[in-house]
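These notes are about the structure you will find just below.
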Amino acid sequence: NLITSNGSGSVTLGTAFPPVGKVLQYISATTTNGLSTSSSTFAEIGTGFRVTITPTSASNRIIIRYTMGWEDNGADGKDLAYAIYKDGSTNLGTAASLFSDMSYNYCGIRLQSSGRVITFIDATTNSTAERYYTLFGRTTTASTVQFNTNNASGRRALCEVMEVQT
């Protein structure tokens, strides 16, 4: 039970918070794979971003997190966007009826950065079938952008998938 105070020194019993889930599986990979693209259609950044998991229960949550080693929008006024896909064909943002771009960056000047984190919870789980998650990228300006390539100088990206008990 939760104990609360009314401010006068007396305490009352309240309602307990539900138990917090625990991580049942943690799978990670690092990669130097990259993508240079001028397409406005999402493309897989590299097979090194694929992380496979087989959930132990259909009701558990799958949390996917990518930390990008490097990105470069190439020049003024170009943008780059990320999305996490399940099994190479399901954009998780679109499947959750939210958005197709999970992380979007537009910059009026050239932008080079590292350490971008993209995290998402798979709303399409409901099964214990094996699946893999991977990171896709695109531009909307028909100008070349780079994901973990060219100026990356060997920087590594981190890919993580966790099954959390609900």
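Just remember, in the structure tokens the first chain shown is A, the second B, etc., residues are 1-based per chain, and ligands are 1-based in the order shown.
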
Considering only C-alpha atoms, return as a PDB file with all heavy atoms, in the first residue's frame whatever protein or nucleic-acid residues lie within 10 Å of Ile63 in chain A, sequence-local ones (same chain, fewer than 4 positions apart) excluded.
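Okay, this is what ended up in selection.pdb:
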ATOM      1  N   VAL A  23      12.963  -6.110 -17.533  1.00  0.00           N
ATOM      2  CA  VAL A  23      13.529  -6.475 -18.825  1.00  0.00           C
ATOM      3  C   VAL A  23      13.789  -7.979 -18.830  1.00  0.00           C
ATOM      4  O   VAL A  23      14.526  -8.487 -17.984  1.00  0.00           O
ATOM      5  CB  VAL A  23      14.834  -5.692 -19.114  1.00  0.00           C
ATOM      6  CG1 VAL A  23      15.473  -6.169 -20.403  1.00  0.00           C
ATOM      7  CG2 VAL A  23      14.542  -4.196 -19.164  1.00  0.00           C
ATOM      8  N   TYR A  26      17.500  -8.566 -23.547  1.00  0.00           N
ATOM      9  CA  TYR A  26      18.197  -7.382 -24.058  1.00  0.00           C
ATOM     10  C   TYR A  26      19.157  -7.859 -25.141  1.00  0.00           C
ATOM     11  O   TYR A  26      20.012  -8.707 -24.889  1.00  0.00           O
ATOM     12  CB  TYR A  26      18.976  -6.674 -22.947  1.00  0.00           C
ATOM     13  CG  TYR A  26      19.829  -5.539 -23.457  1.00  0.00           C
ATOM     14  CD1 TYR A  26      19.289  -4.281 -23.637  1.00  0.00           C
ATOM     15  CD2 TYR A  26      21.168  -5.735 -23.781  1.00  0.00           C
ATOM     16  CE1 TYR A  26      20.058  -3.227 -24.115  1.00  0.00           C
ATOM     17  CE2 TYR A  26      21.942  -4.690 -24.260  1.00  0.00           C
ATOM     18  CZ  TYR A  26      21.387  -3.447 -24.421  1.00  0.00           C
ATOM     19  OH  TYR A  26      22.150  -2.406 -24.905  1.00  0.00           O
ATOM     20  N   THR A 119      13.935   6.070 -30.311  1.00  0.00           N
ATOM     21  CA  THR A 119      13.366   5.018 -29.467  1.00  0.00           C
ATOM     22  C   THR A 119      11.889   4.869 -29.782  1.00  0.00           C
ATOM     23  O   THR A 119      11.199   5.865 -29.996  1.00  0.00           O
ATOM     24  CB  THR A 119      13.541   5.367 -27.971  1.00  0.00           C
ATOM     25  OG1 THR A 119      14.920   5.589 -27.689  1.00  0.00           O
ATOM     26  CG2 THR A 119      13.013   4.255 -27.087  1.00  0.00           C
ATOM     27  N   PHE A 120      11.414   3.628 -29.787  1.00  0.00           N
ATOM     28  CA  PHE A 120      10.012   3.387 -30.069  1.00  0.00           C
ATOM     29  C   PHE A 120       9.568   2.091 -29.406  1.00  0.00           C
ATOM     30  O   PHE A 120      10.371   1.179 -29.225  1.00  0.00           O
ATOM     31  CB  PHE A 120       9.780   3.295 -31.581  1.00  0.00           C
ATOM     32  CG  PHE A 120       8.382   3.602 -32.010  1.00  0.00           C
ATOM     33  CD1 PHE A 120       7.916   4.903 -32.020  1.00  0.00           C
ATOM     34  CD2 PHE A 120       7.519   2.593 -32.387  1.00  0.00           C
ATOM     35  CE1 PHE A 120       6.610   5.206 -32.403  1.00  0.00           C
ATOM     36  CE2 PHE A 120       6.218   2.873 -32.783  1.00  0.00           C
ATOM     37  CZ  PHE A 120       5.769   4.185 -32.789  1.00  0.00           C
ATOM     38  N   ILE A 121       8.292   2.013 -29.048  1.00  0.00           N
ATOM     39  CA  ILE A 121       7.699   0.784 -28.520  1.00  0.00           C
ATOM     40  C   ILE A 121       6.850   0.173 -29.623  1.00  0.00           C
ATOM     41  O   ILE A 121       5.993   0.844 -30.199  1.00  0.00           O
ATOM     42  CB  ILE A 121       6.840   1.061 -27.279  1.00  0.00           C
ATOM     43  CG1 ILE A 121       7.707   1.641 -26.166  1.00  0.00           C
ATOM     44  CG2 ILE A 121       6.137  -0.215 -26.815  1.00  0.00           C
ATOM     45  CD1 ILE A 121       6.932   2.112 -24.962  1.00  0.00           C
ATOM     46  N   ASP A 122       7.098  -1.095 -29.923  1.00  0.00           N
ATOM     47  CA  ASP A 122       6.367  -1.783 -30.994  1.00  0.00           C
ATOM     48  C   ASP A 122       4.924  -2.035 -30.567  1.00  0.00           C
ATOM     49  O   ASP A 122       4.664  -2.807 -29.660  1.00  0.00           O
ATOM     50  CB  ASP A 122       7.063  -3.098 -31.345  1.00  0.00           C
ATOM     51  CG  ASP A 122       6.408  -3.824 -32.510  1.00  0.00           C
ATOM     52  OD1 ASP A 122       5.385  -3.343 -33.035  1.00  0.00           O
ATOM     53  OD2 ASP A 122       6.938  -4.875 -32.909  1.00  0.00           O
ATOM     54  N   ALA A 123       3.996  -1.361 -31.245  1.00  0.00           N
ATOM     55  CA  ALA A 123       2.568  -1.530 -30.969  1.00  0.00           C
ATOM     56  C   ALA A 123       1.985  -2.710 -31.738  1.00  0.00           C
ATOM     57  O   ALA A 123       0.818  -3.018 -31.604  1.00  0.00           O
ATOM     58  CB  ALA A 123       1.819  -0.259 -31.349  1.00  0.00           C
ATOM     59  N   GLU A 160      19.591  -1.476 -30.120  1.00  0.00           N
ATOM     60  CA  GLU A 160      19.176  -2.202 -28.931  1.00  0.00           C
ATOM     61  C   GLU A 160      17.697  -2.577 -29.036  1.00  0.00           C
ATOM     62  O   GLU A 160      16.881  -1.777 -29.480  1.00  0.00           O
ATOM     63  CB  GLU A 160      19.337  -1.336 -27.679  1.00  0.00           C
ATOM     64  CG  GLU A 160      20.756  -0.860 -27.441  1.00  0.00           C
ATOM     65  CD  GLU A 160      20.815   0.154 -26.328  1.00  0.00           C
ATOM     66  OE1 GLU A 160      20.361   1.292 -26.529  1.00  0.00           O
ATOM     67  OE2 GLU A 160      21.310  -0.226 -25.241  1.00  0.00           O
ATOM     68  N   VAL A 161      17.372  -3.793 -28.594  1.00  0.00           N
ATOM     69  CA  VAL A 161      15.983  -4.251 -28.516  1.00  0.00           C
ATOM     70  C   VAL A 161      15.805  -4.909 -27.152  1.00  0.00           C
ATOM     71  O   VAL A 161      16.635  -5.717 -26.729  1.00  0.00           O
ATOM     72  CB  VAL A 161      15.646  -5.244 -29.649  1.00  0.00           C
ATOM     73  CG1 VAL A 161      14.244  -5.792 -29.482  1.00  0.00           C
ATOM     74  CG2 VAL A 161      15.787  -4.572 -31.005  1.00  0.00           C
ATOM     75  N   MET A 162      14.709  -4.536 -26.467  1.00  0.00           N
ATOM     76  CA  MET A 162      14.433  -5.080 -25.146  1.00  0.00           C
ATOM     77  C   MET A 162      13.010  -5.598 -25.082  1.00  0.00           C
ATOM     78  O   MET A 162      12.084  -4.931 -25.555  1.00  0.00           O
ATOM     79  CB  MET A 162      14.591  -3.985 -24.078  1.00  0.00           C
ATOM     80  CG  MET A 162      16.009  -3.490 -23.926  1.00  0.00           C
ATOM     81  SD  MET A 162      16.076  -1.918 -23.053  1.00  0.00           S
ATOM     82  CE  MET A 162      16.003  -0.791 -24.446  1.00  0.00           C
ATOM     83  N   GLU A 163      12.837  -6.761 -24.511  1.00  0.00           N
ATOM     84  CA  GLU A 163      11.500  -7.263 -24.208  1.00  0.00           C
ATOM     85  C   GLU A 163      11.230  -6.945 -22.744  1.00  0.00           C
ATOM     86  O   GLU A 163      12.000  -7.312 -21.858  1.00  0.00           O
ATOM     87  CB  GLU A 163      11.390  -8.764 -24.435  1.00  0.00           C
ATOM     88  CG  GLU A 163      10.020  -9.311 -24.071  1.00  0.00           C
ATOM     89  CD  GLU A 163       9.912 -10.821 -24.174  1.00  0.00           C
ATOM     90  OE1 GLU A 163      10.950 -11.493 -24.314  1.00  0.00           O
ATOM     91  OE2 GLU A 163       8.781 -11.325 -24.097  1.00  0.00           O
ATOM     92  N   VAL A 164      10.128  -6.229 -22.491  1.00  0.00           N
ATOM     93  CA  VAL A 164       9.779  -5.823 -21.133  1.00  0.00           C
ATOM     94  C   VAL A 164       8.488  -6.498 -20.741  1.00  0.00           C
ATOM     95  O   VAL A 164       7.480  -6.443 -21.453  1.00  0.00           O
ATOM     96  CB  VAL A 164       9.631  -4.282 -21.043  1.00  0.00           C
ATOM     97  CG1 VAL A 164       9.230  -3.867 -19.631  1.00  0.00           C
ATOM     98  CG2 VAL A 164      10.924  -3.598 -21.458  1.00  0.00           C
TER      99      VAL A 164
END

Query - For CA of Thr30 in chain A and CA of Arg50 in chain A, the interatomic separation in Å (one decimal) - result: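 According to the coordinates, CA of Thr30 in chain A and CA of Arg50 in chain A are separated by 9.7 Å.
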
Query - Minimum-distance residue to Tyr85 in chain A, chosen among A:Ala29, A:Leu158, A:Leu135, A:Ala43 (using only C-alpha atoms) - result: A:Leu135

Query raised in the report: Of the residues A:Thr90, A:Gln165, A:Thr32, A:Thr52, which is the one nearest to Ile64 in chain A, using only C-alpha atoms?
Result: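 That would be A:Thr52, the residue with the smallest distance to Ile64 in chain A.
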
Report task. Can you pull out every residue within 9 Å of Asn33 in chain A, counting only C-alpha atoms, but drop anything in the same chain fewer than 2 positions away, and send it as a PyMOL selection string? Result -> chain A and resi 31+35+45-49+147-149+156-157

**Report entry** Best match for closeness to Gly137 in chain A among A:Asn60, A:Ser89, A:Thr37, A:Thr166, counting only C-alpha atoms
**Finding:** A:Thr37

Query raised in the report: What is the CA of Phe42 in chain A-CA of Phe136 in chain A distance in Å, reported with one decimal?
Result: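 Computed distance, CA of Phe42 in chain A to CA of Phe136 in chain A, equals 5.7 Å.
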
Query - Test item: residues at most 10 Å from Thr128 in chain A, only C-alpha atoms, excluding those fewer than 3 positions along its chain, as a PyMOL selection string - result: chain A and resi 53-60+125+131

Let's have the selection written as a PDB file, in the first residue's frame, with C-alpha atoms.
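Saved result, part-v5.pdb, follows:
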ATOM      1  CA  ILE A  53      14.247 -11.021 -31.059  1.00  0.00           C
ATOM      2  CA  THR A  54      11.713 -13.741 -30.238  1.00  0.00           C
ATOM      3  CA  PRO A  55       9.351 -12.486 -27.508  1.00  0.00           C
ATOM      4  CA  THR A  56       8.565 -14.883 -24.666  1.00  0.00           C
ATOM      5  CA  SER A  57       4.984 -13.588 -24.358  1.00  0.00           C
ATOM      6  CA  ALA A  58       2.638 -11.929 -26.838  1.00  0.00           C
ATOM      7  CA  SER A  59       1.539  -9.406 -24.195  1.00  0.00           C
ATOM      8  CA  ASN A  60       5.016  -8.084 -23.420  1.00  0.00           C
ATOM      9  CA  THR A 125       3.752  -7.122 -31.014  1.00  0.00           C
ATOM     10  CA  ARG A 131      11.026 -10.652 -35.833  1.00  0.00           C
TER      11      ARG A 131
END

Query - Between CA of Ala129 in chain A and CA of Lys22 in chain A - distance in Å to one decimal - result: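 These two atoms are separated by 20.3 Å.
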
**Report entry** For Asp101 in chain A, the nearest of the candidates A:Asn126, A:Thr67, A:Ser40, A:Thr144, counting only C-alpha atoms
**Finding:** A:Ser40

Query raised in the report: Pick from A:Thr41, A:Ser36, A:Tyr133, A:Ala83: nearest to Ile62 in chain A, with only C-alpha atoms counted?
Result: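 For Ile62 in chain A, the nearest of the given residues is A:Tyr133.
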
Report task. Going by DSSP on the backbone, which bits of range 33-135 of chain A are alpha helix (DSSP H)? Write them as a PyMOL selection string, please. Result -> chain A and resi 92-95

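The smallest atom-to-atom distance between Gly93 in chain A and any of A:Thr141, A:Arg65, A:Thr124, A:Trp70, using only C-alpha atoms, is found for A:Thr124.
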
Report task. As a PyMOL selection string, list the residues of range 24-162 of chain A assigned to strand (DSSP E or B) by DSSP on the backbone atoms of this structure. Result -> chain A and resi 24-31+35-37+43-44+51-53+61-67+71-72+78-86+90-91+103-107+112-113+117-121+131-138+145-147+157-162
